[in-house]
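Working notes for the structure below.
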Amino acid sequence: MRNVLVTGGAGFIGSNFIRYLLRKEPGVRIINLDALTYAGHMENLTDLPDQDRHVFVEGNICDRDLICQLLHQYDIDTVVHFAAETHVDRSILGPEQFVQTNVIGTFTLLESTRRYWLEEEPMGVEKVRFHHISTDEVYGSLESDASPFSETTPYAPNSPYAASKASSDHLVRSYAHTYGLPVTITNCSNNYGPYQFPEKFIPLMILNALEGRQIPVYGDGNQIRDWLYVDDHCEAILVVLLGGMPGETYNIGGNTQPTNFSRSRFQVRG
Ligand SMILES: NC(=O)c1ccc[n+]([C@@H]2O[C@H](COP(=O)([O-])OP(=O)(O)OC[C@H]3O[C@@H](n4cnc5c(N)ncnc54)[C@H](O)[C@@H]3O)[C@@H](O)[C@H]2O)c1
């Protein structure tokens with residue numbers, strides 16, 4: 001792993017991952033491609049441990065010419081793909097952008113890397129890796145007495161967001177089986193930590209509590225969610241990047257599954 005294309009690196013998890021990777025892997029250079037949508041912020045990238053090894057490119061993962069140019073220009077051997085539309089409520093109000101970015105954007109990246117790594121500049125499949133970041137929401141919802149999701153849980157996406165991520169997972173898997181592209185996928189539960197956009201559950205609760213506003217809880221608040229600190233997610237991604245089997249999917253979770261209601265009570269008291 002020398003030249004890593006990170007997509008969506010100005011967002012919540014991507015920016016934490018860039019910070020983590022720069023700290024842990026002194027030999028890598030990171031090319032960070034981000035469209036700076038409402039969810040991406042350059043402020044998330046201040047105080048990187050080693051700015052010289054980070055190149056920011058403002059651009060869209062659906063722009064095939066740009067992706068091809070970056071692959072060649074920076075001799076990319078690893079892609080870590082975070083870029084996505086990520087907010088479930090927004091996907092209900094406007095699903096089209098989710099299909100565009102999450103499905104077409106992922107397809108564009110897969111097709112560009114396939115051509116570059118397997119046809120134009122074949123450098124050996126053992127030297128390259130396409131890692132796709134996904135979510136446990138592709139498995140649907142968890143009943144209160146059910147076991148946690150596993151890698152063999154059938155897909156049952158419930159929102160346009162989850163369906164678009166499920167579609168992208170299937171495309172990634174198909175590129176491994178059809179073309180032999182060395183891919184790995186991780187499906188992670190809900191993350192929390194620094195640089196998370198305040199529309200998401202935990203920062204929204206904290207901000208509302210600090211400002212003395214109502215705490216919004218969906219439905220009866222009894223939905224089960226697993227939670228993981230973002231740095232633990234980043235650590236798991238690096239473990240999979242370095243040791244994961246090509247073609248495999250790995251679930252990542254914190255093994256903590258409170259209901260939304262118990263989580264929000266904890267936040268208010270804390
Ligand atoms: N946040 C979570 O709890 C969670 C949990 C599991 C998996 N994930 C997955 O992790 C990834 C990152 O999630 P996040 O919470 O950091 O998201 P985020 O919304 O904070 O950041 C997404 C980033 O992608 C960029 N982006 C969006 N569309 C783009 C496009 N077309 N081209 C280039 N860049 C684009 C945005 O500008 C932003 O910087 C997503 O794939 C998401 O599905 C998130």
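To be explicit about the labels: the chains of the structure tokens are called A, B, and onward in the order shown, and within each one the residues are counted from 1, while ligands get numbers from 1 in the order they are shown.
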
- Residues within 8 Å of Asn3 in chain A, only C-alpha atoms, excluding chain neighbours under 2 positions, as a count of residues only: 11

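For Arg90 in chain A, the set of protein, DNA and RNA residues having any atom at most 12 Å away, when counting only C-alpha atoms and skipping those fewer than 6 positions along the same chain, is A:Tyr38, A:Ala39, A:Glu96, A:Gln97, A:Phe98, A:Ser159, A:Pro160, A:Tyr161, A:Ala162, A:Glu199, A:Lys200.
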
Prev. selection, C-alpha atoms, output as a short mmCIF file (atom, residue, chain, number, x, y, z; two decimals), in the first residue's frame:
```cif
data_model
loop_
_atom_site.label_atom_id
_atom_site.label_comp_id
_atom_site.auth_asym_id
_atom_site.auth_seq_id
_atom_site.Cartn_x
_atom_site.Cartn_y
_atom_site.Cartn_z
CA TYR A 38 -23.16 19.62 2.37
CA ALA A 39 -21.58 16.74 4.37
CA GLU A 96 -32.31 9.98 -6.72
CA GLN A 97 -29.06 11.49 -5.49
CA PHE A 98 -28.48 8.32 -3.44
CA SER A 159 -34.66 2.71 3.16
CA PRO A 160 -33.48 4.09 -0.18
CA TYR A 161 -30.15 4.79 1.55
CA ALA A 162 -29.78 1.16 2.63
CA GLU A 199 -27.84 15.93 11.51
CA LYS A 200 -26.86 12.47 12.80
#
```

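Omitting Gly59 in chain A and its sequence neighbours fewer than 2 positions away, and counting only C-alpha atoms, the residues within 12 Å are Thr7, Gly8, Gly9, Ala10, Ile31, Asn32, Leu33, Asp34, Ala35, Leu36, Thr37, Gly40, Phe56, Val57, Ile61, Cys62, Asp63, Arg64, Asp65, Leu66, Ile67, Gln69, Leu70, Ala83 and Gly105 of chain A.
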
Just write the chosen residues, N, CA and C atoms, as a PDB file, in the first residue's frame.
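Result file out17.pdb:
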```pdb
ATOM      1  N   THR A   7     -11.926   8.070  -1.140  1.00  0.00           N
ATOM      2  CA  THR A   7     -13.044   8.900  -1.598  1.00  0.00           C
ATOM      3  C   THR A   7     -13.870   9.313  -0.382  1.00  0.00           C
ATOM      4  N   GLY A   8     -14.401  10.524  -0.426  1.00  0.00           N
ATOM      5  CA  GLY A   8     -15.230  10.998   0.693  1.00  0.00           C
ATOM      6  C   GLY A   8     -14.427  11.313   1.941  1.00  0.00           C
ATOM      7  N   GLY A   9     -13.172  11.702   1.740  1.00  0.00           N
ATOM      8  CA  GLY A   9     -12.278  11.934   2.884  1.00  0.00           C
ATOM      9  C   GLY A   9     -12.479  13.255   3.603  1.00  0.00           C
ATOM     10  N   ALA A  10     -13.430  14.077   3.145  1.00  0.00           N
ATOM     11  CA  ALA A  10     -13.732  15.302   3.907  1.00  0.00           C
ATOM     12  C   ALA A  10     -14.977  15.111   4.763  1.00  0.00           C
ATOM     13  N   ILE A  31      -4.458  10.328  -1.621  1.00  0.00           N
ATOM     14  CA  ILE A  31      -5.135  11.238  -2.538  1.00  0.00           C
ATOM     15  C   ILE A  31      -6.598  11.217  -2.111  1.00  0.00           C
ATOM     16  N   ASN A  32      -7.089  12.342  -1.669  1.00  0.00           N
ATOM     17  CA  ASN A  32      -8.424  12.428  -1.080  1.00  0.00           C
ATOM     18  C   ASN A  32      -9.375  13.097  -2.078  1.00  0.00           C
ATOM     19  N   LEU A  33     -10.272  12.295  -2.658  1.00  0.00           N
ATOM     20  CA  LEU A  33     -11.230  12.832  -3.648  1.00  0.00           C
ATOM     21  C   LEU A  33     -12.582  13.028  -2.979  1.00  0.00           C
ATOM     22  N   ASP A  34     -13.032  14.281  -2.949  1.00  0.00           N
ATOM     23  CA  ASP A  34     -14.297  14.567  -2.284  1.00  0.00           C
ATOM     24  C   ASP A  34     -15.004  15.703  -3.032  1.00  0.00           C
ATOM     25  N   ALA A  35     -16.313  15.553  -3.204  1.00  0.00           N
ATOM     26  CA  ALA A  35     -17.087  16.564  -3.939  1.00  0.00           C
ATOM     27  C   ALA A  35     -17.481  17.742  -3.055  1.00  0.00           C
ATOM     28  N   LEU A  36     -17.171  17.659  -1.766  1.00  0.00           N
ATOM     29  CA  LEU A  36     -17.557  18.701  -0.803  1.00  0.00           C
ATOM     30  C   LEU A  36     -19.051  19.025  -0.925  1.00  0.00           C
ATOM     31  N   THR A  37     -19.871  17.997  -0.755  1.00  0.00           N
ATOM     32  CA  THR A  37     -21.315  18.213  -0.651  1.00  0.00           C
ATOM     33  C   THR A  37     -21.578  18.867   0.708  1.00  0.00           C
ATOM     34  N   GLY A  40     -19.403  17.358   3.436  1.00  0.00           N
ATOM     35  CA  GLY A  40     -17.944  17.366   3.417  1.00  0.00           C
ATOM     36  C   GLY A  40     -17.406  18.729   3.807  1.00  0.00           C
ATOM     37  N   PHE A  56      -5.446  16.856  -1.522  1.00  0.00           N
ATOM     38  CA  PHE A  56      -6.905  16.964  -1.637  1.00  0.00           C
ATOM     39  C   PHE A  56      -7.301  17.315  -3.066  1.00  0.00           C
ATOM     40  N   VAL A  57      -8.284  16.589  -3.598  1.00  0.00           N
ATOM     41  CA  VAL A  57      -8.815  16.880  -4.938  1.00  0.00           C
ATOM     42  C   VAL A  57     -10.322  17.049  -4.814  1.00  0.00           C
ATOM     43  N   ILE A  61     -17.097  11.339  -7.660  1.00  0.00           N
ATOM     44  CA  ILE A  61     -16.754   9.943  -7.988  1.00  0.00           C
ATOM     45  C   ILE A  61     -17.486   9.459  -9.243  1.00  0.00           C
ATOM     46  N   CYS A  62     -18.478  10.220  -9.724  1.00  0.00           N
ATOM     47  CA  CYS A  62     -19.160   9.834 -10.972  1.00  0.00           C
ATOM     48  C   CYS A  62     -18.408  10.344 -12.202  1.00  0.00           C
ATOM     49  N   ASP A  63     -17.350  11.115 -12.006  1.00  0.00           N
ATOM     50  CA  ASP A  63     -16.596  11.716 -13.119  1.00  0.00           C
ATOM     51  C   ASP A  63     -15.495  10.743 -13.552  1.00  0.00           C
ATOM     52  N   ARG A  64     -15.808   9.942 -14.555  1.00  0.00           N
ATOM     53  CA  ARG A  64     -14.900   8.864 -14.964  1.00  0.00           C
ATOM     54  C   ARG A  64     -13.546   9.382 -15.463  1.00  0.00           C
ATOM     55  N   ASP A  65     -13.564  10.479 -16.210  1.00  0.00           N
ATOM     56  CA  ASP A  65     -12.292  11.023 -16.717  1.00  0.00           C
ATOM     57  C   ASP A  65     -11.378  11.424 -15.565  1.00  0.00           C
ATOM     58  N   LEU A  66     -11.979  12.075 -14.569  1.00  0.00           N
ATOM     59  CA  LEU A  66     -11.182  12.504 -13.411  1.00  0.00           C
ATOM     60  C   LEU A  66     -10.607  11.294 -12.671  1.00  0.00           C
ATOM     61  N   ILE A  67     -11.433  10.270 -12.459  1.00  0.00           N
ATOM     62  CA  ILE A  67     -10.941   9.078 -11.733  1.00  0.00           C
ATOM     63  C   ILE A  67      -9.761   8.455 -12.501  1.00  0.00           C
ATOM     64  N   GLN A  69      -7.761   9.845 -14.605  1.00  0.00           N
ATOM     65  CA  GLN A  69      -6.599  10.733 -14.508  1.00  0.00           C
ATOM     66  C   GLN A  69      -5.888  10.551 -13.161  1.00  0.00           C
ATOM     67  N   LEU A  70      -6.650  10.469 -12.077  1.00  0.00           N
ATOM     68  CA  LEU A  70      -6.032  10.333 -10.751  1.00  0.00           C
ATOM     69  C   LEU A  70      -5.318   8.990 -10.604  1.00  0.00           C
ATOM     70  N   ALA A  83     -17.014   7.632  -0.056  1.00  0.00           N
ATOM     71  CA  ALA A  83     -17.929   8.676  -0.552  1.00  0.00           C
ATOM     72  C   ALA A  83     -19.330   8.117  -0.771  1.00  0.00           C
ATOM     73  N   GLY A 105     -21.779   6.090  -8.748  1.00  0.00           N
ATOM     74  CA  GLY A 105     -20.427   6.490  -8.324  1.00  0.00           C
ATOM     75  C   GLY A 105     -19.566   5.268  -8.030  1.00  0.00           C
TER      76      GLY A 105
END
```

- Task: Go through range 42-88 of chain A and collect every residue that DSSP, computed from the backbone, puts in strand (DSSP E); the answer should be as a ChimeraX atom specification.
- Result: /A:54-58,78-81

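CA of Glu235 in chain A lies 11.9 Å from CA of Gly253 in chain A.
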
- Would you kindly return, as a PyMOL selection string, each protein, DNA or RNA residue with an atom no farther than 6 Å from any atom of Val230 in chain A, considering only C-alpha atoms and excluding same-chain residues fewer than 6 positions away? chain A and resi 191-193

What does the file look like for those residues with C-alpha atoms, as a compact mmCIF listing (two decimals), in the first residue's frame?
```
# COMPACT_ATOMS: atom_id res chain seq x y z
CA ASN A 191 -20.38 5.31 14.22
CA TYR A 192 -19.95 8.20 16.62
CA GLY A 193 -17.04 10.52 17.33
```

- Pick from A:Ile133, A:Cys188, A:Val55, A:Val79: nearest to Leu109 in chain A, with only C-alpha atoms counted? A:Val79

- Message: Considering only helix (DSSP H, G or I) as DSSP defines it on the backbone, what residues of range 14-238 of chain A qualify? List them as a PyMOL selection string.
- Response: chain A and resi 14-24+42-45+51-53+64-73+88-93+96-120+125-127+136-139+160-179+201-210+230-238

Expected file contents, prior selection, C-alpha atoms, as a CSV table (one decimal), in the first residue's frame:
```
chain,number,residue,atom,x,y,z
A,14,GLY,CA,-13.2,9.4,5.9
A,15,SER,CA,-11.5,12.3,7.6
A,16,ASN,CA,-11.0,10.3,10.7
A,17,PHE,CA,-9.6,7.4,8.6
A,18,ILE,CA,-7.1,9.7,6.8
A,19,ARG,CA,-5.9,11.0,10.2
A,20,TYR,CA,-5.6,7.4,11.4
A,21,LEU,CA,-3.8,6.1,8.3
A,22,LEU,CA,-1.3,8.9,8.2
A,23,ARG,CA,-0.5,8.1,11.9
A,24,LYS,CA,-0.2,4.4,11.4
A,42,MET,CA,-12.2,21.1,4.7
A,43,GLU,CA,-12.3,22.0,8.5
A,44,ASN,CA,-12.4,18.2,9.1
A,45,LEU,CA,-8.9,18.0,7.6
A,51,GLN,CA,0.0,17.3,5.5
A,52,ASP,CA,2.7,16.6,3.0
A,53,ARG,CA,1.4,13.0,2.4
A,64,ARG,CA,-14.9,8.9,-15.0
A,65,ASP,CA,-12.3,11.0,-16.7
A,66,LEU,CA,-11.2,12.5,-13.4
A,67,ILE,CA,-10.9,9.1,-11.7
A,68,CYS,CA,-8.9,7.7,-14.6
A,69,GLN,CA,-6.6,10.7,-14.5
A,70,LEU,CA,-6.0,10.3,-10.8
A,71,LEU,CA,-5.3,6.6,-11.0
A,72,HIS,CA,-2.6,7.3,-13.6
A,73,GLN,CA,-1.2,10.5,-12.2
A,88,VAL,CA,-31.5,8.0,5.8
A,89,ASP,CA,-34.1,10.9,6.2
A,90,ARG,CA,-32.6,12.7,3.2
A,91,SER,CA,-32.9,9.4,1.1
A,92,ILE,CA,-36.6,9.3,1.9
A,93,LEU,CA,-37.1,12.9,0.7
A,96,GLU,CA,-32.3,10.0,-6.7
A,97,GLN,CA,-29.1,11.5,-5.5
A,98,PHE,CA,-28.5,8.3,-3.4
A,99,VAL,CA,-28.7,6.1,-6.5
A,100,GLN,CA,-26.5,8.5,-8.4
A,101,THR,CA,-23.7,8.7,-5.9
A,102,ASN,CA,-23.9,5.4,-4.1
A,103,VAL,CA,-24.7,3.1,-7.1
A,104,ILE,CA,-23.4,5.0,-10.2
A,105,GLY,CA,-20.4,6.5,-8.3
A,106,THR,CA,-19.3,3.1,-7.0
A,107,PHE,CA,-19.8,1.6,-10.5
A,108,THR,CA,-17.6,4.3,-12.0
A,109,LEU,CA,-14.8,3.7,-9.5
A,110,LEU,CA,-15.0,-0.1,-10.0
A,111,GLU,CA,-15.0,0.2,-13.8
A,112,SER,CA,-12.1,2.7,-13.8
A,113,THR,CA,-9.9,0.6,-11.4
A,114,ARG,CA,-10.7,-2.6,-13.3
A,115,ARG,CA,-9.5,-1.1,-16.5
A,116,TYR,CA,-6.5,0.6,-15.0
A,117,TRP,CA,-5.3,-2.3,-12.8
A,118,LEU,CA,-6.3,-5.3,-14.9
A,119,GLU,CA,-5.9,-4.0,-18.5
A,120,GLU,CA,-3.9,-0.8,-18.9
A,125,VAL,CA,-3.7,-8.4,-8.3
A,126,GLU,CA,-1.7,-9.1,-5.1
A,127,LYS,CA,-0.4,-5.5,-5.2
A,136,ASP,CA,-25.1,-2.9,8.5
A,137,GLU,CA,-28.3,-1.2,7.4
A,138,VAL,CA,-28.2,-3.4,4.3
A,139,TYR,CA,-29.4,-6.2,6.6
A,160,PRO,CA,-33.5,4.1,-0.2
A,161,TYR,CA,-30.1,4.8,1.5
A,162,ALA,CA,-29.8,1.2,2.6
A,163,ALA,CA,-31.0,-0.1,-0.8
A,164,SER,CA,-28.4,2.1,-2.6
A,165,LYS,CA,-25.6,0.8,-0.3
A,166,ALA,CA,-26.8,-2.8,-0.8
A,167,SER,CA,-26.7,-2.3,-4.6
A,168,SER,CA,-23.2,-1.0,-4.4
A,169,ASP,CA,-22.1,-3.9,-2.3
A,170,HIS,CA,-23.5,-6.3,-4.9
A,171,LEU,CA,-21.7,-4.5,-7.7
A,172,VAL,CA,-18.4,-4.7,-5.7
A,173,ARG,CA,-18.9,-8.4,-5.1
A,174,SER,CA,-19.7,-9.0,-8.8
A,175,TYR,CA,-16.4,-7.3,-9.9
A,176,ALA,CA,-14.5,-9.8,-7.7
A,177,HIS,CA,-16.3,-12.8,-9.1
A,178,THR,CA,-16.5,-11.7,-12.7
A,179,TYR,CA,-13.2,-9.9,-13.3
A,201,PHE,CA,-28.4,10.9,15.9
A,202,ILE,CA,-25.8,11.4,18.7
A,203,PRO,CA,-24.5,14.9,17.8
A,204,LEU,CA,-28.1,16.0,17.3
A,205,MET,CA,-29.1,14.8,20.7
A,206,ILE,CA,-26.1,16.4,22.4
A,207,LEU,CA,-26.6,19.8,20.7
A,208,ASN,CA,-30.3,19.7,21.5
A,209,ALA,CA,-29.6,18.8,25.1
A,210,LEU,CA,-26.9,21.6,25.4
A,230,VAL,CA,-15.1,6.0,14.8
A,231,ASP,CA,-11.4,5.3,15.5
A,232,ASP,CA,-12.3,1.6,16.2
A,233,HIS,CA,-13.9,1.5,12.8
A,234,CYS,CA,-10.8,3.0,11.2
A,235,GLU,CA,-8.6,0.5,13.0
A,236,ALA,CA,-10.8,-2.4,11.7
A,237,ILE,CA,-10.6,-1.0,8.1
A,238,LEU,CA,-6.8,-1.0,8.3
```

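Put simply, CA of Thr135 in chain A is 18.9 Å away from CA of Pro194 in chain A.
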
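If only C-alpha atoms are the atoms counted, then among A:Asn255, A:Gly243, A:His41, A:Ala146 the closest residue to Phe12 in chain A is A:His41.
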
- Query: What is the CA of Ser147 in chain A to CA of Leu228 in chain A distance in Å?
  - Reply: 17.1 Å

- Write out as a PyMOL selection string each polymer residue whose atoms come within 9 Å of Leu142 in chain A, counting only C-alpha atoms; drop sequence neighbours fewer than 5 positions from it. chain A and resi 147-149+223-225

- Message: Taking only C-alpha atoms and all ligand atoms into account, name the residue in A:Ile252, A:Ile215, A:Met123, A:Val240 that is nearest to ligand 1.
- Response: A:Ile252
